[in-house]
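> structure_38.txt is reproduced below (compact mmCIF, C-alpha atoms).
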```
# COMPACT_ATOMS: atom_id res chain seq x y z
CA MET A 1099 -6.96 41.27 43.94
CA PRO A 1100 -10.11 39.21 43.48
CA SER A 1101 -9.83 35.45 43.69
CA ARG A 1102 -10.67 33.34 40.65
CA TYR A 1103 -12.26 30.60 42.69
CA PRO A 1104 -15.26 31.40 44.81
CA GLY A 1105 -14.94 30.07 48.32
CA ALA A 1106 -11.96 28.49 50.01
CA ILE A 1107 -9.30 26.70 48.11
CA SER A 1108 -8.60 23.23 49.38
CA GLN A 1109 -5.83 20.86 48.52
CA ASP A 1110 -6.41 17.37 47.21
CA TRP A 1111 -4.35 14.95 49.30
CA GLU A 1112 -5.35 11.87 47.28
CA PRO A 1113 -2.31 9.85 46.24
CA VAL A 1114 -1.51 9.85 42.52
CA VAL A 1115 -0.30 6.52 41.17
CA LEU A 1116 1.81 6.50 38.03
CA HIS A 1117 2.16 3.24 36.15
CA LYS A 1118 4.92 2.25 33.80
CA SER A 1119 3.96 2.33 30.14
CA LYS A 1120 3.46 -0.99 28.40
CA ALA A 1121 6.51 -2.43 26.73
CA LYS A 1122 6.56 -1.91 22.98
CA ALA A 1123 6.68 -4.87 20.60
CA GLN A 1124 10.30 -4.19 19.71
CA GLN A 1125 11.28 -4.22 23.37
CA LEU A 1126 9.42 -7.51 23.93
CA ARG A 1127 11.40 -9.15 21.13
CA ASP A 1128 14.70 -8.07 22.65
CA PRO A 1129 16.72 -11.17 23.68
CA LYS A 1130 17.34 -9.72 27.16
CA ALA A 1131 13.60 -9.28 27.76
CA VAL A 1132 12.86 -12.81 26.50
CA ASN A 1133 15.54 -14.36 28.75
CA GLN A 1134 14.27 -12.40 31.76
CA ALA A 1135 10.71 -13.59 31.08
CA LEU A 1136 11.91 -17.20 30.80
CA ARG A 1137 13.81 -16.94 34.11
CA SER A 1138 10.84 -15.40 35.92
CA GLY A 1139 8.46 -18.06 34.56
CA ALA A 1140 6.30 -15.70 32.50
CA PRO A 1141 4.67 -17.21 29.41
CA VAL A 1142 6.71 -16.72 26.24
CA GLN A 1143 5.16 -17.35 22.84
CA THR A 1144 7.26 -18.45 19.88
CA VAL A 1145 5.97 -18.44 16.31
CA LYS A 1146 7.62 -20.18 13.37
CA LYS A 1147 7.52 -17.99 10.29
CA PHE A 1148 6.69 -19.61 6.98
CA ASP A 1149 9.89 -20.06 4.97
CA GLY A 1150 11.75 -18.16 7.69
CA GLY A 1151 15.49 -18.45 7.34
CA SER A 1152 15.42 -19.96 3.89
CA ASN A 1153 17.40 -18.17 1.24
CA LYS A 1154 15.03 -18.81 -1.65
CA LYS A 1155 14.00 -16.04 -3.98
CA ALA A 1156 10.58 -15.95 -5.57
CA ALA A 1157 10.76 -17.05 -9.18
CA PRO A 1158 9.80 -14.26 -11.58
CA ALA A 1159 6.79 -14.78 -13.75
CA LEU A 1160 7.58 -16.21 -17.15
CA ASN A 1161 7.48 -13.83 -20.10
CA THR A 1162 7.85 -10.78 -17.84
CA LYS A 1163 10.25 -9.18 -20.27
CA LYS A 1164 7.92 -9.84 -23.19
CA LEU A 1165 4.98 -8.33 -21.32
CA GLU A 1166 7.01 -5.26 -20.37
CA GLU A 1167 8.16 -4.67 -23.95
CA GLY A 1168 4.65 -5.06 -25.31
CA THR A 1169 3.02 -2.44 -23.08
CA GLU A 1170 5.76 0.19 -22.90
CA PRO A 1171 6.21 2.59 -25.82
CA GLY A 1172 9.67 2.49 -27.35
CA SER A 1173 10.18 6.24 -27.39
CA LEU A 1174 8.03 9.32 -27.27
CA GLU A 1175 7.42 11.38 -30.40
CA ARG A 1176 9.62 14.47 -30.57
CA VAL A 1177 9.17 17.74 -32.45
CA PRO A 1178 10.05 17.16 -36.15
CA GLY A 1179 12.93 19.06 -37.73
CA GLU A 1180 10.85 21.18 -40.10
CA VAL A 1181 8.60 22.39 -37.24
CA ARG A 1182 11.69 23.36 -35.26
CA GLN A 1183 12.99 25.39 -38.19
CA VAL A 1184 9.64 27.10 -38.79
CA ILE A 1185 9.42 28.14 -35.12
CA GLN A 1186 12.97 29.48 -35.16
CA LYS A 1187 12.59 31.36 -38.48
CA ALA A 1188 9.28 32.96 -37.45
CA ARG A 1189 10.71 34.01 -34.10
CA LEU A 1190 13.80 35.56 -35.71
CA GLU A 1191 11.68 37.36 -38.35
CA LYS A 1192 9.71 39.01 -35.52
CA LYS A 1193 13.06 39.82 -33.84
CA MET A 1194 12.16 38.02 -30.61
CA SER A 1195 14.35 36.15 -28.20
CA GLN A 1196 13.35 32.75 -26.85
CA ALA A 1197 12.62 34.37 -23.49
CA GLU A 1198 10.32 36.99 -25.07
CA LEU A 1199 8.41 34.32 -27.00
CA ALA A 1200 8.08 32.27 -23.82
CA LYS A 1201 6.71 35.28 -21.97
CA LEU A 1202 4.13 35.94 -24.72
CA ILE A 1203 2.86 32.35 -24.65
CA ASN A 1204 3.00 32.10 -20.84
CA GLU A 1205 5.56 29.30 -20.78
CA ARG A 1206 9.07 28.99 -19.39
CA PRO A 1207 11.98 29.91 -21.69
CA GLN A 1208 13.19 26.32 -21.34
CA VAL A 1209 10.02 25.11 -23.13
CA VAL A 1210 10.71 27.28 -26.19
CA GLN A 1211 14.33 26.14 -26.19
CA GLU A 1212 13.27 22.47 -26.09
CA TYR A 1213 10.87 22.99 -29.02
CA GLU A 1214 13.59 24.68 -31.09
CA ASN A 1215 16.13 21.96 -30.22
CA GLY A 1216 13.68 19.15 -30.99
CA LYS A 1217 13.84 17.68 -27.49
CA ALA A 1218 10.25 18.49 -26.51
CA VAL A 1219 7.30 16.14 -26.81
CA PRO A 1220 4.76 18.10 -28.91
CA ASN A 1221 1.92 19.59 -26.90
CA GLN A 1222 -0.99 20.86 -29.01
CA ALA A 1223 -1.82 23.67 -26.57
CA VAL A 1224 1.74 25.04 -26.62
CA LEU A 1225 1.90 24.79 -30.42
CA ALA A 1226 -1.42 26.64 -30.69
CA LYS A 1227 -0.06 29.49 -28.55
CA MET A 1228 3.10 29.66 -30.69
CA GLU A 1229 1.00 29.72 -33.89
CA LYS A 1230 -1.04 32.60 -32.55
CA VAL A 1231 1.98 34.69 -31.49
CA LEU A 1232 4.24 33.89 -34.45
CA GLY A 1233 1.52 33.86 -37.12
CA VAL A 1234 2.63 30.56 -38.72
CA LYS A 1235 1.07 27.11 -39.06
CA LEU A 1236 2.79 24.48 -36.89
CA ARG A 1237 0.26 21.80 -35.98
CA GLY A 1238 -0.40 20.39 -39.42
CA LYS A 1239 3.28 19.60 -39.86
CA ILE A 1240 3.73 17.25 -36.88
CA GLY A 1241 4.25 13.62 -37.80
CA LYS A 1242 4.17 14.27 -41.56
```
I'd like the structure from this file rewritten - as structure tokens, please.

Amino acid sequence: MPSRYPGAISQDWEPVVLHKSKAKAQQLRDPKAVNQALRSGAPVQTVKKFDGGSNKKAAPALNTKKLEEGTEPGSLERVPGEVRQVIQKARLEKKMSQAELAKLINERPQVVQEYENGKAVPNQAVLAKMEKVLGVKLRGKIGK
């Protein structure tokens, strides 16, 4: 078999020195390591943390509740009752199930169910697809 290395193979008899890895910060904070360093005379640094050990809580900003109520909407608009009924009637007239309608508009059956139950937040794109498949007007009736 041919050799991979041209010429003679020689061994390297140089000593390899392995050093211990540096101690991690968590290990340096360990009470045993600190006591050992103090006994051996190594320098030990102590730092006082600002408000360390005090049991004070930061005071909340005044009017936080008022600010939160002002920016958050109370509730999202849901599908009105008459739109729900129109969707359901049109679907039943075409003799479709909720799953079939969902398949035709490329949505999950759960979406159609939420629209018919009035739990969905109206999405104009979904309503447009339903209008196209069912052949009824839905978008003009929202919020009126």
> From the options A:Leu1116, A:Val1132, A:Leu1236, A:Met1228, which residue's atoms come nearest to Lys1201 in chain A, counting all atoms listed in the file?
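So, comparing all the options, the nearest one is A:Met1228.
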> Give me the box for range 1199-1216 of chain A as lines of an AutoDock Vina configuration file, namely the centre and edge lengths in Å to one decimal of a box along x, y and z that holds every listed atom plus 6 Å on each side.

```
center_x = 9.5
center_y = 27.5
center_z = -25.2
size_x = 25.3
size_y = 28.8
size_z = 23.7
```
> Please indicate the distance in Å from CA of Glu1198 in chain A to CA of Gly1238 in chain A, rounded to one decimal place.
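Answer for the CA of Glu1198 in chain A to CA of Gly1238 in chain A separation: 24.4 Å.
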> For a quick check of understanding, using only C-alpha atoms, which of A:Ala1226, A:Ala1218, A:Leu1232, A:Leu1202 has the smallest distance to Gln1186 in chain A?
A:Leu1232
> Could you tell me how far CA of Ser1195 in chain A lies from CA of Leu1174 in chain A, in Å and to one decimal?
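CA of Leu1174 in chain A lies at a distance of 27.6 Å from CA of Ser1195 in chain A.
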> What is the distance, in Å and to one decimal place, between CA of Ala1200 in chain A and CA of Val1224 in chain A?
10.0 Å
> List as a list of chain:residue names the residues having at least one atom at most 12 Å from position (10.8, 24.2, -21.6) as given in the file, counting all atoms listed in the file.
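Those within range, by chain then number, are A:Gln1196, A:Ala1197, A:Leu1199, A:Ala1200, A:Lys1201, A:Ile1203, A:Asn1204, A:Glu1205, A:Arg1206, A:Pro1207, A:Gln1208, A:Val1209, A:Val1210, A:Gln1211, A:Glu1212, A:Tyr1213, A:Glu1214, A:Asn1215, A:Gly1216, A:Lys1217, A:Ala1218, A:Val1219, A:Pro1220, A:Asn1221, A:Val1224.
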> Could you please take those selected residues and save C-alpha atoms as a PDB file, in the frame of the given file?

```
ATOM      1  CA  GLN A1196      13.350  32.750 -26.850  1.00  0.00           C
ATOM      2  CA  ALA A1197      12.620  34.370 -23.490  1.00  0.00           C
ATOM      3  CA  LEU A1199       8.410  34.320 -27.000  1.00  0.00           C
ATOM      4  CA  ALA A1200       8.080  32.270 -23.820  1.00  0.00           C
ATOM      5  CA  LYS A1201       6.710  35.280 -21.970  1.00  0.00           C
ATOM      6  CA  ILE A1203       2.860  32.350 -24.650  1.00  0.00           C
ATOM      7  CA  ASN A1204       3.000  32.100 -20.840  1.00  0.00           C
ATOM      8  CA  GLU A1205       5.560  29.300 -20.780  1.00  0.00           C
ATOM      9  CA  ARG A1206       9.070  28.990 -19.390  1.00  0.00           C
ATOM     10  CA  PRO A1207      11.980  29.910 -21.690  1.00  0.00           C
ATOM     11  CA  GLN A1208      13.190  26.320 -21.340  1.00  0.00           C
ATOM     12  CA  VAL A1209      10.020  25.110 -23.130  1.00  0.00           C
ATOM     13  CA  VAL A1210      10.710  27.280 -26.190  1.00  0.00           C
ATOM     14  CA  GLN A1211      14.330  26.140 -26.190  1.00  0.00           C
ATOM     15  CA  GLU A1212      13.270  22.470 -26.090  1.00  0.00           C
ATOM     16  CA  TYR A1213      10.870  22.990 -29.020  1.00  0.00           C
ATOM     17  CA  GLU A1214      13.590  24.680 -31.090  1.00  0.00           C
ATOM     18  CA  ASN A1215      16.130  21.960 -30.220  1.00  0.00           C
ATOM     19  CA  GLY A1216      13.680  19.150 -30.990  1.00  0.00           C
ATOM     20  CA  LYS A1217      13.840  17.680 -27.490  1.00  0.00           C
ATOM     21  CA  ALA A1218      10.250  18.490 -26.510  1.00  0.00           C
ATOM     22  CA  VAL A1219       7.300  16.140 -26.810  1.00  0.00           C
ATOM     23  CA  PRO A1220       4.760  18.100 -28.910  1.00  0.00           C
ATOM     24  CA  ASN A1221       1.920  19.590 -26.900  1.00  0.00           C
ATOM     25  CA  VAL A1224       1.740  25.040 -26.620  1.00  0.00           C
TER      26      VAL A1224
END
```
> For Lys1230 in chain A, which residue out of A:Leu1136, A:Gln1125, A:Lys1193, A:Ala1188 is the nearest one, using all atoms listed in the file?
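Among A:Leu1136, A:Gln1125, A:Lys1193, A:Ala1188, it is A:Ala1188 that comes nearest to Lys1230 in chain A.
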> Between A:Ala1223, A:Val1142, A:Ala1135, A:Val1234, single out the one closest to Gln1183 in chain A, counting only C-alpha atoms.
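Once distances to Gln1183 in chain A are computed over only C-alpha atoms, the minimum belongs to A:Val1234.
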